[in-house]
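Just below is one structure, and these are the notes that go with it.
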Amino acid sequence: MTDLKPLFTELSTEPLYIAGPCSAESREQVLLAARDIAQAGISIFRAGAWKPRTKPGSFEGTGREALEWLREAKERYGIKVITEIATPEHLEEVLKYDIDGVWIGARTTTNPFATQQIADALKGVDTAVIVKNPVIPDVDLWIGAIERIYNSGIRRLAAVHRGFGTQQTTPYRNAPHWSVPIELHRRIPNLCILSDPSHIGGRRELIARLSQQALDIGFDGLMIECHPTPECALSDAAQQITPDALVELISKLELHRTPAATDALSEYRLHIDTIDSKIIELLAERMYIARAIGEYKHAHGMAVVQQDRYNELLLAAEARAESANLPPRFIHQIFREIHEESVRQQINIREEQK
Ligand code: PEP
Ligand code: MN
């Protein structure tokens, strides 16, 4: 995807901020929010016209009417306006109202059929498309959705990290799993990736810290929910902030330029590179021995996996982790991967000898 373009070529500022209410609730609410957000110097305004809600009977947006308010906000305040689409019909409506861009929500990204239908409808359309991460922390599913949109010809493309559904008790509404957007960046380095601290946090108190973390990690910008009277919002009331709070939050963010590597940093990196190559050499040596063991087991009619030995190995690794001040869970994961590769190699030996 080397030919991606900025979402809005004329607004390629850094960081890129998108703000606006979760839902477009009324003409007054949209115009008030858009005015204040434009005044805050933010040029991309978000508001959901159709809202995917967990339970029926909740406020599900006002649809087409909201698009009229968005168009009016755009004309009055000279901002770009974007909204969520989940079906080809939504896209068809959006295109009638001169909306500048769309986002695909987490629930839609989770479903390849739904994403493909939107991608098919986007063929030949020139708009900006933002793909939110799927509800589950599956980077391939996220990349798959992005590829579907890309294959339909869209080049003004970005991703939004909004956290992942979790059953575990965390302070967040959606667990950040930062490693997932980091992997997305590794796989598609030139894709613009924003973070959405509002949906990750689920509570306004968490938004400032999550925003700073995202910028520290190197995200290209933020999408933040902002409402004139957050406590009265018809959706996501607990996670929206006022335009004043947004201005204050942004003014306190520390921006980081990619620093020129200082001498000390280069030295640390050199040290890390040396350690990494040692790790790889040791793994190769370990695998060589694992293959020798595989030959032995094969020659003696033994099964590849010896369950007791596997458990013993994991427990020993965890115990060592603990005394080395490393999280046992982390070491457990690494050793599971290593063991899995050893098993694969030992199975290969049997196949090679058939
Ligand atoms: C939203 O942005 O308001 C929204 C519904 O987001 P998500 O798809 O991330 O839940
Ligand atoms: Mn929302």
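Ordering of the structure tokens sets the chain letters (A, B, ...), residue numbers begin anew at 1 in every chain, and ligands are numbered from 1 in the order given.
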Sorted by chain and rising residue number, list the residues of chain A at most 9 Å from ligand 2 (counting only C-alpha atoms and all ligand atoms), each with its closest atom pair and distance in Å to one decimal, as CSV.
residue,atom,partner,partner_atom_place_in_ligand_line,distance
A:Pro21,CA,ligand 2,1 (Mn),7.5
A:Cys22,CA,ligand 2,1 (Mn),4.1
A:Ser23,CA,ligand 2,1 (Mn),6.9
A:Ala47,CA,ligand 2,1 (Mn),8.8
A:Gly48,CA,ligand 2,1 (Mn),7.8
A:Lys51,CA,ligand 2,1 (Mn),8.1
A:Ser198,CA,ligand 2,1 (Mn),7.6
A:His199,CA,ligand 2,1 (Mn),6.4
A:Gly202,CA,ligand 2,1 (Mn),9.0
A:Glu225,CA,ligand 2,1 (Mn),6.9
A:Ser235,CA,ligand 2,1 (Mn),6.5
A:Asp236,CA,ligand 2,1 (Mn),5.2
A:Ala237,CA,ligand 2,1 (Mn),8.5
A:Gln239,CA,ligand 2,1 (Mn),8.0
A:Gln240,CA,ligand 2,1 (Mn),8.3
Show me which residues are within 10 Å of ligand 1 counting only C-alpha atoms and all ligand atoms, and format the list as JSON, numbers by chain.
{"A": [20, 21, 22, 23, 46, 47, 48, 49, 50, 51, 52, 53, 54, 83, 84, 85, 86, 103, 104, 105, 106, 107, 108, 109, 110, 131, 132, 133, 134, 135, 160, 161, 162, 163, 164, 165, 174, 196, 198, 199, 200, 223, 224, 225, 235, 236]}
Please identify which residues in segment 89-284 of chain A DSSP calls helix (DSSP H, G or I) from the backbone, and express them as a ChimeraX atom specification.
/A:89-96,106-109,112-122,139-151,179-187,197-201,204-217,230-232,237-239,243-252,263-284
With the cut-off set at 12 Å and counting only C-alpha atoms, tabulate each residue of segment 266-314 of chain A with an atom at most that distance from an atom of segment 319-326 of chain A, showing the nearest atom pair and its distance in Å to one decimal, ordered by chain and increasing number, as a tab-separated table.
residue	atom	partner	partner_atom	distance
A:Glu312	CA	A:Ala319	CA	10.5
A:Leu313	CA	A:Ala319	CA	10.0
A:Leu314	CA	A:Ala319	CA	8.6
Could those residues be written to a file, using all heavy atoms, as a compact mmCIF listing (two decimals), in the first residue's frame?
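Result written to out-v2.txt:
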# COMPACT_ATOMS: atom_id res chain seq x y z
N GLU A 312 6.94 -29.62 32.85
CA GLU A 312 8.14 -29.39 33.66
C GLU A 312 8.93 -28.19 33.09
O GLU A 312 9.35 -27.30 33.83
CB GLU A 312 8.99 -30.65 33.51
CG GLU A 312 9.99 -30.98 34.56
CD GLU A 312 10.70 -32.27 34.12
OE1 GLU A 312 10.08 -33.35 34.20
OE2 GLU A 312 11.84 -32.16 33.65
N LEU A 313 9.04 -28.18 31.76
CA LEU A 313 9.80 -27.13 31.08
C LEU A 313 9.16 -25.75 31.30
O LEU A 313 9.83 -24.77 31.62
CB LEU A 313 9.80 -27.51 29.60
CG LEU A 313 10.49 -26.73 28.52
CD1 LEU A 313 10.86 -27.70 27.40
CD2 LEU A 313 9.63 -25.64 27.96
N LEU A 314 7.82 -25.71 31.19
CA LEU A 314 7.12 -24.43 31.38
C LEU A 314 7.26 -23.95 32.82
O LEU A 314 7.53 -22.77 33.07
CB LEU A 314 5.63 -24.56 31.03
CG LEU A 314 5.31 -24.57 29.54
CD1 LEU A 314 3.80 -24.74 29.34
CD2 LEU A 314 5.76 -23.29 28.85
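Here the residues within segment 151-203 of chain A that DSSP labels strand (DSSP E or B) on the basis of the backbone are A:Arg156, A:Leu157, A:Ala158, A:Ala159, A:Val160, A:His161, A:Phe164, A:Ala175, A:Cys192, A:Ile193, A:Leu194, A:Ser195.
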Atoms to include: N, CA and C atoms. Write the selected residues as a PDB file, in the first residue's frame.
ATOM      1  N   ARG A 156      -7.334   7.466   0.244  1.00  0.00           N
ATOM      2  CA  ARG A 156      -7.330   8.319   1.431  1.00  0.00           C
ATOM      3  C   ARG A 156      -7.889   7.461   2.569  1.00  0.00           C
ATOM      4  N   LEU A 157      -6.969   6.769   3.216  1.00  0.00           N
ATOM      5  CA  LEU A 157      -7.329   5.684   4.126  1.00  0.00           C
ATOM      6  C   LEU A 157      -6.569   5.868   5.449  1.00  0.00           C
ATOM      7  N   ALA A 158      -7.240   5.592   6.558  1.00  0.00           N
ATOM      8  CA  ALA A 158      -6.567   5.635   7.868  1.00  0.00           C
ATOM      9  C   ALA A 158      -7.176   4.564   8.754  1.00  0.00           C
ATOM     10  N   ALA A 159      -6.503   4.288   9.871  1.00  0.00           N
ATOM     11  CA  ALA A 159      -7.022   3.304  10.826  1.00  0.00           C
ATOM     12  C   ALA A 159      -7.214   4.006  12.161  1.00  0.00           C
ATOM     13  N   VAL A 160      -8.192   3.558  12.919  1.00  0.00           N
ATOM     14  CA  VAL A 160      -8.383   4.069  14.276  1.00  0.00           C
ATOM     15  C   VAL A 160      -8.358   2.911  15.266  1.00  0.00           C
ATOM     16  N   HIS A 161      -7.505   3.085  16.276  1.00  0.00           N
ATOM     17  CA  HIS A 161      -7.383   2.103  17.345  1.00  0.00           C
ATOM     18  C   HIS A 161      -8.349   2.536  18.445  1.00  0.00           C
ATOM     19  N   PHE A 164     -10.169  -3.049  22.474  1.00  0.00           N
ATOM     20  CA  PHE A 164     -10.740  -4.348  22.153  1.00  0.00           C
ATOM     21  C   PHE A 164     -11.611  -4.845  23.297  1.00  0.00           C
ATOM     22  N   ALA A 175     -10.011  -2.855  26.170  1.00  0.00           N
ATOM     23  CA  ALA A 175      -8.582  -2.997  26.497  1.00  0.00           C
ATOM     24  C   ALA A 175      -7.726  -2.465  25.351  1.00  0.00           C
ATOM     25  N   CYS A 192      -1.816   5.918   8.051  1.00  0.00           N
ATOM     26  CA  CYS A 192      -2.053   6.849   9.164  1.00  0.00           C
ATOM     27  C   CYS A 192      -2.860   6.106  10.237  1.00  0.00           C
ATOM     28  N   ILE A 193      -2.342   6.067  11.460  1.00  0.00           N
ATOM     29  CA  ILE A 193      -3.058   5.363  12.540  1.00  0.00           C
ATOM     30  C   ILE A 193      -3.348   6.348  13.677  1.00  0.00           C
ATOM     31  N   LEU A 194      -4.627   6.481  13.979  1.00  0.00           N
ATOM     32  CA  LEU A 194      -5.054   7.369  15.061  1.00  0.00           C
ATOM     33  C   LEU A 194      -5.485   6.509  16.236  1.00  0.00           C
ATOM     34  N   SER A 195      -5.527   7.118  17.426  1.00  0.00           N
ATOM     35  CA  SER A 195      -6.061   6.385  18.566  1.00  0.00           C
ATOM     36  C   SER A 195      -7.332   7.088  19.037  1.00  0.00           C
TER      37      SER A 195
END
Near segment 334-346 of chain A, 9 Å: segment 212-317 of chain A residue rows, closest pairs, only C-alpha atoms, as a Markdown table:
| residue | atom | partner | partner_atom | distance |
| --- | --- | --- | --- | --- |
| A:Leu283 | CA | A:Ile338 | CA | 8.3 |
| A:Arg286 | CA | A:Ser342 | CA | 8.7 |
| A:Met287 | CA | A:Ser342 | CA | 6.3 |
| A:Ala290 | CA | A:Ser342 | CA | 5.9 |
| A:Arg291 | CA | A:Gln346 | CA | 5.8 |
| A:Ala292 | CA | A:Gln346 | CA | 8.6 |
| A:Ile293 | CA | A:Gln346 | CA | 8.0 |
| A:Gly294 | CA | A:Gln346 | CA | 4.7 |
| A:Glu295 | CA | A:Gln346 | CA | 7.5 |
| A:Lys297 | CA | A:Gln346 | CA | 8.8 |
| A:His298 | CA | A:Gln346 | CA | 8.6 |
| A:Val304 | CA | A:Gln346 | CA | 6.6 |
| A:Val305 | CA | A:Val343 | CA | 7.0 |
| A:Tyr310 | CA | A:His339 | CA | 7.9 |
| A:Leu313 | CA | A:Phe335 | CA | 8.4 |
| A:Leu314 | CA | A:Phe335 | CA | 6.7 |
| A:Ala317 | CA | A:Phe335 | CA | 7.5 |
Any chance you could export the current selection's N, CA, C and O atoms as a PDB file, in the first residue's frame?
ATOM      1  N   LEU A 283      18.573 -19.645  19.995  1.00  0.00           N
ATOM      2  CA  LEU A 283      17.369 -20.369  19.553  1.00  0.00           C
ATOM      3  C   LEU A 283      17.725 -21.391  18.474  1.00  0.00           C
ATOM      4  O   LEU A 283      17.207 -22.507  18.463  1.00  0.00           O
ATOM      5  N   ARG A 286      19.282 -24.256  20.156  1.00  0.00           N
ATOM      6  CA  ARG A 286      18.253 -25.025  20.873  1.00  0.00           C
ATOM      7  C   ARG A 286      17.470 -25.906  19.882  1.00  0.00           C
ATOM      8  O   ARG A 286      17.161 -27.066  20.144  1.00  0.00           O
ATOM      9  N   MET A 287      17.166 -25.328  18.733  1.00  0.00           N
ATOM     10  CA  MET A 287      16.376 -26.064  17.745  1.00  0.00           C
ATOM     11  C   MET A 287      17.178 -27.238  17.167  1.00  0.00           C
ATOM     12  O   MET A 287      16.640 -28.292  16.861  1.00  0.00           O
ATOM     13  N   ALA A 290      16.844 -29.855  19.621  1.00  0.00           N
ATOM     14  CA  ALA A 290      15.474 -30.394  19.590  1.00  0.00           C
ATOM     15  C   ALA A 290      15.327 -31.391  18.432  1.00  0.00           C
ATOM     16  O   ALA A 290      14.673 -32.428  18.565  1.00  0.00           O
ATOM     17  N   ARG A 291      15.956 -31.083  17.306  1.00  0.00           N
ATOM     18  CA  ARG A 291      15.879 -32.014  16.164  1.00  0.00           C
ATOM     19  C   ARG A 291      16.594 -33.333  16.499  1.00  0.00           C
ATOM     20  O   ARG A 291      16.109 -34.411  16.160  1.00  0.00           O
ATOM     21  N   ALA A 292      17.726 -33.205  17.189  1.00  0.00           N
ATOM     22  CA  ALA A 292      18.458 -34.423  17.579  1.00  0.00           C
ATOM     23  C   ALA A 292      17.578 -35.272  18.503  1.00  0.00           C
ATOM     24  O   ALA A 292      17.490 -36.508  18.366  1.00  0.00           O
ATOM     25  N   ILE A 293      16.879 -34.604  19.413  1.00  0.00           N
ATOM     26  CA  ILE A 293      15.977 -35.336  20.319  1.00  0.00           C
ATOM     27  C   ILE A 293      14.857 -35.988  19.501  1.00  0.00           C
ATOM     28  O   ILE A 293      14.462 -37.135  19.748  1.00  0.00           O
ATOM     29  N   GLY A 294      14.392 -35.244  18.473  1.00  0.00           N
ATOM     30  CA  GLY A 294      13.337 -35.770  17.600  1.00  0.00           C
ATOM     31  C   GLY A 294      13.774 -37.063  16.925  1.00  0.00           C
ATOM     32  O   GLY A 294      13.009 -38.029  16.833  1.00  0.00           O
ATOM     33  N   GLU A 295      15.034 -37.075  16.452  1.00  0.00           N
ATOM     34  CA  GLU A 295      15.571 -38.281  15.810  1.00  0.00           C
ATOM     35  C   GLU A 295      15.576 -39.450  16.807  1.00  0.00           C
ATOM     36  O   GLU A 295      15.210 -40.575  16.487  1.00  0.00           O
ATOM     37  N   LYS A 297      13.702 -39.816  19.538  1.00  0.00           N
ATOM     38  CA  LYS A 297      12.344 -40.287  19.856  1.00  0.00           C
ATOM     39  C   LYS A 297      11.823 -41.166  18.723  1.00  0.00           C
ATOM     40  O   LYS A 297      11.212 -42.215  18.956  1.00  0.00           O
ATOM     41  N   HIS A 298      12.092 -40.736  17.496  1.00  0.00           N
ATOM     42  CA  HIS A 298      11.609 -41.486  16.333  1.00  0.00           C
ATOM     43  C   HIS A 298      12.232 -42.876  16.309  1.00  0.00           C
ATOM     44  O   HIS A 298      11.555 -43.894  16.167  1.00  0.00           O
ATOM     45  N   VAL A 304       6.070 -37.662  19.839  1.00  0.00           N
ATOM     46  CA  VAL A 304       6.782 -36.379  19.791  1.00  0.00           C
ATOM     47  C   VAL A 304       6.581 -35.600  21.092  1.00  0.00           C
ATOM     48  O   VAL A 304       7.533 -35.088  21.683  1.00  0.00           O
ATOM     49  N   VAL A 305       5.312 -35.480  21.522  1.00  0.00           N
ATOM     50  CA  VAL A 305       5.067 -34.666  22.726  1.00  0.00           C
ATOM     51  C   VAL A 305       5.052 -35.543  23.973  1.00  0.00           C
ATOM     52  O   VAL A 305       4.293 -36.510  24.058  1.00  0.00           O
ATOM     53  N   TYR A 310       6.905 -31.365  28.982  1.00  0.00           N
ATOM     54  CA  TYR A 310       6.444 -30.034  28.549  1.00  0.00           C
ATOM     55  C   TYR A 310       6.031 -29.192  29.766  1.00  0.00           C
ATOM     56  O   TYR A 310       6.455 -28.045  29.932  1.00  0.00           O
ATOM     57  N   LEU A 313       9.036 -28.177  31.760  1.00  0.00           N
ATOM     58  CA  LEU A 313       9.799 -27.133  31.084  1.00  0.00           C
ATOM     59  C   LEU A 313       9.158 -25.748  31.299  1.00  0.00           C
ATOM     60  O   LEU A 313       9.834 -24.770  31.616  1.00  0.00           O
ATOM     61  N   LEU A 314       7.815 -25.714  31.192  1.00  0.00           N
ATOM     62  CA  LEU A 314       7.121 -24.433  31.382  1.00  0.00           C
ATOM     63  C   LEU A 314       7.262 -23.952  32.825  1.00  0.00           C
ATOM     64  O   LEU A 314       7.533 -22.771  33.075  1.00  0.00           O
ATOM     65  N   ALA A 317      10.723 -22.642  33.445  1.00  0.00           N
ATOM     66  CA  ALA A 317      10.929 -21.330  32.803  1.00  0.00           C
ATOM     67  C   ALA A 317      10.246 -20.233  33.620  1.00  0.00           C
ATOM     68  O   ALA A 317      10.807 -19.156  33.833  1.00  0.00           O
TER      69      ALA A 317
END
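Distance check against Tyr97 of chain A using only C-alpha atoms: of A:Pro181, A:Gly63, A:Gly57, A:Pro6, the minimum falls on A:Gly63.
Put simply, atom CA of His256 of chain A is 29.8 Å away from atom CA of Thr127 of chain A.
Our summary of the geometry notes that atom CA of Ile347 of chain A is positioned 22.2 Å from atom CA of Glu281 of chain A.
Take the candidates A:Ala38, A:Ile289, A:Leu11, A:Val94 and check each one against Glu75 of chain A using only C-alpha atoms; the shortest distance goes to A:Ala38.
By chain and then residue number, the residues within 10 Å of Tyr17 of chain A are Thr13, Gly41, Ile42, Ser43, Ile44, Phe45, Leu194, Ser195, Asp220, Gly221, Leu222, Met223, Ile224 and Ile250 of chain A, counting only C-alpha atoms and disregarding those fewer than 4 positions away in sequence.
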Selected residues written out with C-alpha atoms, as an mmCIF file, in the first residue's frame:
data_model
loop_
_atom_site.group_PDB
_atom_site.id
_atom_site.type_symbol
_atom_site.label_atom_id
_atom_site.label_comp_id
_atom_site.auth_asym_id
_atom_site.auth_seq_id
_atom_site.Cartn_x
_atom_site.Cartn_y
_atom_site.Cartn_z
ATOM 1 C CA THR A 13 -0.987 18.575 10.049
ATOM 2 C CA GLY A 41 -8.668 24.764 15.699
ATOM 3 C CA ILE A 42 -9.781 21.226 14.893
ATOM 4 C CA SER A 43 -10.773 20.782 11.280
ATOM 5 C CA ILE A 44 -12.315 17.315 11.222
ATOM 6 C CA PHE A 45 -15.682 16.931 12.904
ATOM 7 C CA LEU A 194 -5.054 7.369 15.061
ATOM 8 C CA SER A 195 -6.061 6.385 18.566
ATOM 9 C CA ASP A 220 -0.404 9.982 14.030
ATOM 10 C CA GLY A 221 -3.272 11.580 15.921
ATOM 11 C CA LEU A 222 -6.396 11.187 17.998
ATOM 12 C CA MET A 223 -10.149 10.846 17.567
ATOM 13 C CA ILE A 224 -11.882 12.212 20.682
ATOM 14 C CA ILE A 250 -4.726 19.212 23.760
#
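Nearest-residue note for Ala238 of chain A: choosing from A:Asp273, A:Asp216, A:Glu205, A:Asp120, the minimum distance belongs to A:Glu205, counting only C-alpha atoms.
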Non-local contacts of Glu65 of chain A (12 Å; only C-alpha atoms; under 2 positions in same chain excluded) as a PyMOL selection string
chain A and resi 24-27+30+48-50+61-63+67-72+93-94+96-97
